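Down below is the structure, laid out as structure tokens.
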Amino acid sequence: MKNNILILLIVVFISIQTYSQVYTDKVVGKKNEAVIDSLKTSEYPYSLPIWGEKATQKGYQLPYSAGISVNYFWQESSLIIDNLYVGFNNGPQYNLDQIIRFNDATASANAVNIRPDVWLFPFLNVYGILGKVNTSTAINAGLWVPDAENNWSEVYTFGSTANFNGTTFGLGMTPTIGIGGGWMALDMNVAWTDLSGLDKPAMSFVFGPRIGKSIKLNKPESNITFWTGAFRVHLKSGTAGSLALSDVISGGDTQAKVDAGFVKVAEKQTSVDNWWNGLSSAQQANPVNQAKYNTANQALETAGNFLTTLDGALSTASNSTVQYSLEKAPKDMWNFLLGAQYQYNKHFMIRAEYGFLGSRKQFMTSLQYRFGL
């Protein structure tokens with residue numbers, strides 16, 4: 001089998017940050033007195049944001065009230081997998097937490113999405129997300145069982161990569177405040193990603209605080225903005241689904257690996273039984289020895305049942321299915337962000353942002369067009 005646990009990782013870690021750096025700015029300073037006076041006396045020509053005219057009369061410079069951006073997003077992150085159940089052909093599902101160990105589970109994704117937004121209030125932007133995503137999940141794991149001394153060893157190894165496509169829909173909002181070109185923003189969104197093999201779309205929540213500074217250029221309405229911040233993602237933990245076994249397994253050595261697993265499990269069981277039968281009645285009554293014996297038997301029984309069910313599914317692989325459920329979480333919920341944006345004028349801007357540190361890396365770039373509404 002290419003990787004029977006691969007099906008457990010169909011929910012790839014997809015959390016899309018689509019924030020665009022515009023904000024309502026309080027104009028300050030003696031050199032800007034003419035601009036302040038102009039704002040206070042001018043009539044605000046648009047319906048949005050609510051209280052837009054009051055904000056301009058108090059000396060705030062507002063961006064155009066509506067916009068649309070096209071974003072490209074790439075991300076790679078390590079995952080932690082818990083509460084793992086696997087079954088075949090709609091039969092019993094086995095909890096494999098005790099015997100399956102993930103040496104590595106990495107999810108990557110790249111997405112293109114469209115993000116329409118409006119300024120509902122001068123300091124609150126709301127937006128939607130609609131996009132297509134390509135995902136890749138790579139794992140390296142093994143089947144582990146104990147011996148008579150409760151020393152665990154790996155009896156079956158597997159590793160694989162699978163690719164999936166899907167769609168993403170989300171909603172978000174960004175409270176912001178700016179004074180004299182310095183600003184702070186608290187971006188947050190919730191998104192649902194629908195991938196094949198899932199019973200229902202996976203949900204993620206993203207929170208991204210940032211602080212930055214805009215530097216005016218000689219060209220009117222143009223500037224360069226730099227910022228730093230953080231990225232936190234929460235992934236809804238529960239996931240369940242089903243796949244055709246033929247989509248998961250590959251390679252002519254799959255049956256040989258399963259057969260070898262049977263031999264190793266049988267050897268471990270014999271070792272445990274010999275150890276137990278060699279103990280005296282008093283030693284068998286010792287709670288420590290009883291715990292070792294029961295733990296070993298439970299793990300070996302689970303491994304044997306799993307291999308037996310898998311062996312049966314392999315005999316009809318073309319018609320077999322794999323069912324799974326799991327709980328997953330990012331290895332690190334936070335990472336660090338650096339970003340920059342060039343604003344050609346109040347209509348057009350382009351930006352790029354990179355996230356790093358911890359077990360997650362990400363990159364985003366976007367092109368935005370804004371207009372009055």
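Going by the structure tokens order, chains are called A, B, ..., each with residues numbered from 1, while ligands are numbered from 1 in the order shown.
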Find the nearest atom pair between each residue of range 32-130 of chain A and range 229-234 of chain A for residues within 12 Å, count only C-alpha atoms, give distances in Å to one decimal, sort rows by chain and ascending number, and present the table as JSON lines.
```
{"residue": "A:Gln75", "atom": "CA", "partner": "A:Phe231", "partner_atom": "CA", "distance": 12.0}
{"residue": "A:Ser77", "atom": "CA", "partner": "A:Val233", "partner_atom": "CA", "distance": 11.0}
{"residue": "A:Leu79", "atom": "CA", "partner": "A:His234", "partner_atom": "CA", "distance": 11.9}
```
Prev. selection, N, CA, C and O atoms, output as an mmCIF file, in the first residue's frame:
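Now in part.cif:
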```cif
data_model
loop_
_atom_site.group_PDB
_atom_site.id
_atom_site.type_symbol
_atom_site.label_atom_id
_atom_site.label_comp_id
_atom_site.auth_asym_id
_atom_site.auth_seq_id
_atom_site.Cartn_x
_atom_site.Cartn_y
_atom_site.Cartn_z
ATOM 1 N N GLN A 75 1.727 28.065 0.937
ATOM 2 C CA GLN A 75 1.993 27.766 2.343
ATOM 3 C C GLN A 75 2.479 26.335 2.511
ATOM 4 O O GLN A 75 2.064 25.435 1.786
ATOM 5 N N SER A 77 3.327 23.670 5.940
ATOM 6 C CA SER A 77 3.214 23.587 7.387
ATOM 7 C C SER A 77 3.252 22.146 7.856
ATOM 8 O O SER A 77 2.790 21.238 7.164
ATOM 9 N N LEU A 79 2.017 19.210 10.567
ATOM 10 C CA LEU A 79 0.774 18.895 11.262
ATOM 11 C C LEU A 79 1.014 17.894 12.382
ATOM 12 O O LEU A 79 1.954 17.113 12.338
#
```
*Sel. of helix (DSSP H, G or I) residues, range 79-320 of chain A, as a PyMOL selection string*: chain A and resi 245-247+254-277+281-285+287-315
*CA of Lys268 in chain A to CA of Val145 in chain A: how many Å, to one decimal?*
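Separating CA of Lys268 in chain A from CA of Val145 in chain A is a distance of 7.7 Å.
For Ala141 in chain A, the set of protein, DNA and RNA residues having any atom at most 7 Å away, when counting only C-alpha atoms and skipping those fewer than 6 positions along the same chain, is Ile100, Arg101, Phe102, Asn103, Asp104, Thr157, Phe158 and Gly159 of chain A.
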Suppose we keep N, CA, C and O atoms; can you now write the selection as a PDB file, in the first residue's frame?
```
ATOM      1  N   ILE A 100       0.508   3.680  15.543  1.00  0.00           N
ATOM      2  CA  ILE A 100       0.970   4.464  14.398  1.00  0.00           C
ATOM      3  C   ILE A 100       1.698   5.707  14.902  1.00  0.00           C
ATOM      4  O   ILE A 100       1.155   6.470  15.711  1.00  0.00           O
ATOM      5  N   ARG A 101       2.902   5.914  14.445  1.00  0.00           N
ATOM      6  CA  ARG A 101       3.683   7.100  14.809  1.00  0.00           C
ATOM      7  C   ARG A 101       4.075   7.833  13.530  1.00  0.00           C
ATOM      8  O   ARG A 101       4.617   7.236  12.600  1.00  0.00           O
ATOM      9  N   PHE A 102       3.804   9.122  13.527  1.00  0.00           N
ATOM     10  CA  PHE A 102       4.140   9.963  12.379  1.00  0.00           C
ATOM     11  C   PHE A 102       5.499  10.604  12.613  1.00  0.00           C
ATOM     12  O   PHE A 102       5.670  11.417  13.525  1.00  0.00           O
ATOM     13  N   ASN A 103       6.468  10.228  11.792  1.00  0.00           N
ATOM     14  CA  ASN A 103       7.765  10.885  11.853  1.00  0.00           C
ATOM     15  C   ASN A 103       7.690  12.284  11.261  1.00  0.00           C
ATOM     16  O   ASN A 103       8.388  13.195  11.685  1.00  0.00           O
ATOM     17  N   ASP A 104       6.820  12.430  10.265  1.00  0.00           N
ATOM     18  CA  ASP A 104       6.661  13.735   9.623  1.00  0.00           C
ATOM     19  C   ASP A 104       5.321  13.757   8.904  1.00  0.00           C
ATOM     20  O   ASP A 104       4.929  12.768   8.269  1.00  0.00           O
ATOM     21  N   THR A 157       6.736   0.308   7.688  1.00  0.00           N
ATOM     22  CA  THR A 157       6.948   1.730   7.399  1.00  0.00           C
ATOM     23  C   THR A 157       6.236   2.112   6.115  1.00  0.00           C
ATOM     24  O   THR A 157       6.066   1.286   5.211  1.00  0.00           O
ATOM     25  N   PHE A 158       5.860   3.360   6.027  1.00  0.00           N
ATOM     26  CA  PHE A 158       5.211   3.864   4.817  1.00  0.00           C
ATOM     27  C   PHE A 158       5.413   5.376   4.738  1.00  0.00           C
ATOM     28  O   PHE A 158       5.554   6.062   5.743  1.00  0.00           O
ATOM     29  N   GLY A 159       5.419   5.856   3.523  1.00  0.00           N
ATOM     30  CA  GLY A 159       5.533   7.280   3.270  1.00  0.00           C
ATOM     31  C   GLY A 159       5.017   7.578   1.883  1.00  0.00           C
ATOM     32  O   GLY A 159       5.182   6.770   0.963  1.00  0.00           O
TER      33      GLY A 159
END
```
*Which parts of range 143-320 of chain A does DSSP call strand (DSSP E or B) when run on the backbone here, written out as number ranges by chain?*
A: 143-146, 152-179, 182-195, 198, 202-216, 223-235, 238-244
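If only C-alpha atoms are the atoms counted, then among A:Gln255, A:Gln290, A:Ser242, A:Gln269 the closest residue to Val322 in chain A is A:Ser242.
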*Which neighbours of range 45-55 of chain A fall inside 9 Å, counting only C-alpha atoms, when residues of the same chain fewer than 6 positions from it are skipped, and could you give them as a list in words?*
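Contacts, in chain order: Thr24, Gln61, Leu62, Tyr64, Ser65, Ala66, Val118, Trp119, Leu120, Phe121, Pro122, Phe123, Leu124, Asn125, Gly372 and Leu373 of chain A.
The shell of residues at most 8 Å from Leu171 in chain A, with only C-alpha atoms counted and near chain neighbours (fewer than 2 positions) removed, consists of Val126, Tyr127, Gly128, Ile129, Phe169, Met173, Asn189, Val190 and Ala191 of chain A.
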*So, counting only C-alpha atoms, which residue among A:Gln57, A:Ser78, A:Asn297, A:Thr135 is closest to Gly358 in chain A?*
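So, comparing all the options, the nearest one is A:Ser78.
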*For Gly178 in chain A, list every protein, DNA or RNA residue within 10 Å, evaluated using only C-alpha atoms, and leave out those in the same chain fewer than 3 positions away; present the list as a list of chain:residue names.*
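Near Gly178 in chain A, the qualifying residues are A:Val22, A:Tyr23, A:Thr24, A:Asp25, A:Lys26, A:Val27, A:Tyr60, A:Gln61, A:Phe123, A:Gly181, A:Gly182, A:Trp183, A:Met184, A:Ala185, A:Ile211, A:Gly212, A:Lys213, A:Ser214.
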Those residues with all heavy atoms, as a compact mmCIF listing (two decimals), in the first residue's frame please?
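Contents of part05.txt, freshly written:
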```txt
# COMPACT_ATOMS: atom_id res chain seq x y z
N VAL A 22 -4.66 48.89 2.96
CA VAL A 22 -5.16 50.26 2.88
C VAL A 22 -5.84 50.54 4.21
O VAL A 22 -6.29 49.63 4.90
CB VAL A 22 -6.14 50.47 1.70
CG1 VAL A 22 -5.41 50.37 0.38
CG2 VAL A 22 -7.27 49.46 1.75
N TYR A 23 -5.95 51.82 4.58
CA TYR A 23 -6.48 52.14 5.90
C TYR A 23 -6.90 53.60 5.93
O TYR A 23 -6.52 54.42 5.08
CB TYR A 23 -5.43 51.88 6.98
CG TYR A 23 -4.14 52.65 6.78
CD1 TYR A 23 -3.93 53.87 7.43
CD2 TYR A 23 -3.14 52.17 5.94
CE1 TYR A 23 -2.75 54.59 7.24
CE2 TYR A 23 -1.96 52.87 5.75
CZ TYR A 23 -1.78 54.08 6.40
OH TYR A 23 -0.62 54.79 6.19
N THR A 24 -7.74 53.92 6.91
CA THR A 24 -8.14 55.30 7.17
C THR A 24 -7.05 55.96 8.00
O THR A 24 -6.69 55.46 9.07
CB THR A 24 -9.49 55.33 7.90
OG1 THR A 24 -10.49 54.77 7.05
CG2 THR A 24 -9.86 56.75 8.28
N ASP A 25 -6.55 57.09 7.50
CA ASP A 25 -5.36 57.72 8.11
C ASP A 25 -5.70 59.10 8.64
O ASP A 25 -6.25 59.95 7.93
CB ASP A 25 -4.25 57.82 7.07
CG ASP A 25 -2.94 58.32 7.66
OD1 ASP A 25 -2.62 57.89 8.78
OD2 ASP A 25 -2.26 59.13 7.00
N LYS A 26 -5.38 59.36 9.90
CA LYS A 26 -5.52 60.68 10.49
C LYS A 26 -4.36 61.55 10.04
O LYS A 26 -3.20 61.28 10.37
CB LYS A 26 -5.53 60.56 12.02
CG LYS A 26 -5.53 61.89 12.76
CD LYS A 26 -6.84 62.63 12.63
CE LYS A 26 -6.88 63.85 13.54
NZ LYS A 26 -8.14 64.62 13.40
N VAL A 27 -4.65 62.58 9.25
CA VAL A 27 -3.61 63.46 8.73
C VAL A 27 -3.21 64.43 9.84
O VAL A 27 -4.06 65.11 10.44
CB VAL A 27 -4.10 64.23 7.49
CG1 VAL A 27 -2.98 65.12 6.95
CG2 VAL A 27 -4.59 63.27 6.43
N TYR A 60 -9.59 62.91 8.72
CA TYR A 60 -9.17 61.56 8.32
C TYR A 60 -9.21 61.44 6.80
O TYR A 60 -10.17 61.88 6.15
CB TYR A 60 -10.08 60.50 8.94
CG TYR A 60 -9.86 60.30 10.41
CD1 TYR A 60 -10.64 60.98 11.35
CD2 TYR A 60 -8.87 59.44 10.88
CE1 TYR A 60 -10.45 60.80 12.71
CE2 TYR A 60 -8.66 59.25 12.24
CZ TYR A 60 -9.45 59.93 13.14
OH TYR A 60 -9.24 59.76 14.50
N GLN A 61 -8.18 60.85 6.25
CA GLN A 61 -8.11 60.60 4.81
C GLN A 61 -8.49 59.15 4.57
O GLN A 61 -7.86 58.22 5.06
CB GLN A 61 -6.69 60.88 4.30
CG GLN A 61 -6.60 61.01 2.80
CD GLN A 61 -5.27 61.59 2.38
OE1 GLN A 61 -4.21 61.12 2.82
NE2 GLN A 61 -5.28 62.61 1.55
N PHE A 123 -13.20 52.63 10.00
CA PHE A 123 -12.14 51.84 10.63
C PHE A 123 -12.43 50.35 10.58
O PHE A 123 -11.83 49.58 11.33
CB PHE A 123 -11.93 52.31 12.07
CG PHE A 123 -11.69 53.78 12.20
CD1 PHE A 123 -12.70 54.63 12.63
CD2 PHE A 123 -10.47 54.32 11.83
CE1 PHE A 123 -12.47 55.99 12.73
CE2 PHE A 123 -10.23 55.69 11.93
CZ PHE A 123 -11.25 56.53 12.37
N GLY A 181 0.41 58.24 8.89
CA GLY A 181 1.08 57.23 8.07
C GLY A 181 1.46 55.98 8.82
O GLY A 181 1.79 54.96 8.21
N GLY A 182 1.43 56.01 10.15
CA GLY A 182 1.62 54.80 10.94
C GLY A 182 0.28 54.14 11.19
O GLY A 182 -0.74 54.83 11.32
N TRP A 183 0.23 52.82 11.24
CA TRP A 183 -1.06 52.15 11.33
C TRP A 183 -0.96 50.82 12.06
O TRP A 183 0.12 50.25 12.20
CB TRP A 183 -1.65 51.94 9.93
CG TRP A 183 -0.72 51.21 8.99
CD1 TRP A 183 0.17 51.78 8.14
CD2 TRP A 183 -0.57 49.80 8.85
NE1 TRP A 183 0.86 50.81 7.46
CE2 TRP A 183 0.42 49.59 7.87
CE3 TRP A 183 -1.19 48.69 9.43
CZ2 TRP A 183 0.82 48.31 7.49
CZ3 TRP A 183 -0.79 47.42 9.04
CH2 TRP A 183 0.20 47.25 8.07
N MET A 184 -2.11 50.35 12.47
CA MET A 184 -2.25 49.03 13.07
C MET A 184 -3.50 48.38 12.49
O MET A 184 -4.52 49.04 12.28
CB MET A 184 -2.37 49.12 14.59
CG MET A 184 -2.54 47.76 15.28
SD MET A 184 -2.60 47.89 17.09
CE MET A 184 -4.15 48.76 17.30
N ALA A 185 -3.43 47.08 12.21
CA ALA A 185 -4.56 46.34 11.65
C ALA A 185 -4.67 44.98 12.32
O ALA A 185 -3.66 44.36 12.66
CB ALA A 185 -4.38 46.17 10.14
N ILE A 211 1.50 45.88 12.32
CA ILE A 211 1.76 47.30 12.48
C ILE A 211 2.72 47.72 11.37
O ILE A 211 3.58 46.93 10.95
CB ILE A 211 2.35 47.65 13.87
CG1 ILE A 211 3.63 46.84 14.14
CG2 ILE A 211 1.33 47.41 14.96
CD1 ILE A 211 4.34 47.28 15.41
N GLY A 212 2.56 48.95 10.87
CA GLY A 212 3.41 49.36 9.76
C GLY A 212 3.48 50.86 9.59
O GLY A 212 2.89 51.63 10.36
N LYS A 213 4.17 51.26 8.53
CA LYS A 213 4.37 52.67 8.23
C LYS A 213 4.36 52.88 6.72
O LYS A 213 4.99 52.12 5.97
CB LYS A 213 5.73 53.13 8.80
CG LYS A 213 6.14 54.54 8.43
CD LYS A 213 5.23 55.59 9.06
CE LYS A 213 5.71 57.00 8.75
NZ LYS A 213 4.82 58.04 9.32
N SER A 214 3.63 53.91 6.28
CA SER A 214 3.58 54.29 4.87
C SER A 214 4.49 55.49 4.63
O SER A 214 4.48 56.45 5.41
CB SER A 214 2.15 54.63 4.44
OG SER A 214 1.32 53.50 4.54
```
*Using only C-alpha atoms, which of A:Asn90, A:Gly180, A:Lys219, A:Thr174 sits nearest Asn32 in chain A?*
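Ranking A:Asn90, A:Gly180, A:Lys219, A:Thr174 by distance to Asn32 in chain A, first place goes to A:Gly180.
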*Using only C-alpha atoms: which of A:Phe363, A:Phe348, A:Phe356, A:Tyr342 has the shortest distance to Ile224 in chain A*: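 So, comparing all the options, the nearest one is A:Tyr342.
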*Tell me which of A:Ala148, A:Ala109, A:Met203, A:Val263 sits closest to Lys328 in chain A, counting only C-alpha atoms.*
A:Met203
*Rank A:Asn83, A:Ser136, A:Thr321, A:Asn286 by their smallest atom-to-atom distance to Thr309 in chain A, using only C-alpha atoms, and report the top residue only.*
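Among A:Asn83, A:Ser136, A:Thr321, A:Asn286, it is A:Thr321 that comes nearest to Thr309 in chain A.
Across the model, the gap from CA of Gly172 in chain A to CA of Ile350 in chain A is 20.0 Å.
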*What does the distance between CA of Tyr324 in chain A and CA of Leu243 in chain A come to in Å, to one decimal place?*
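CA of Leu243 in chain A lies 8.8 Å from CA of Tyr324 in chain A.
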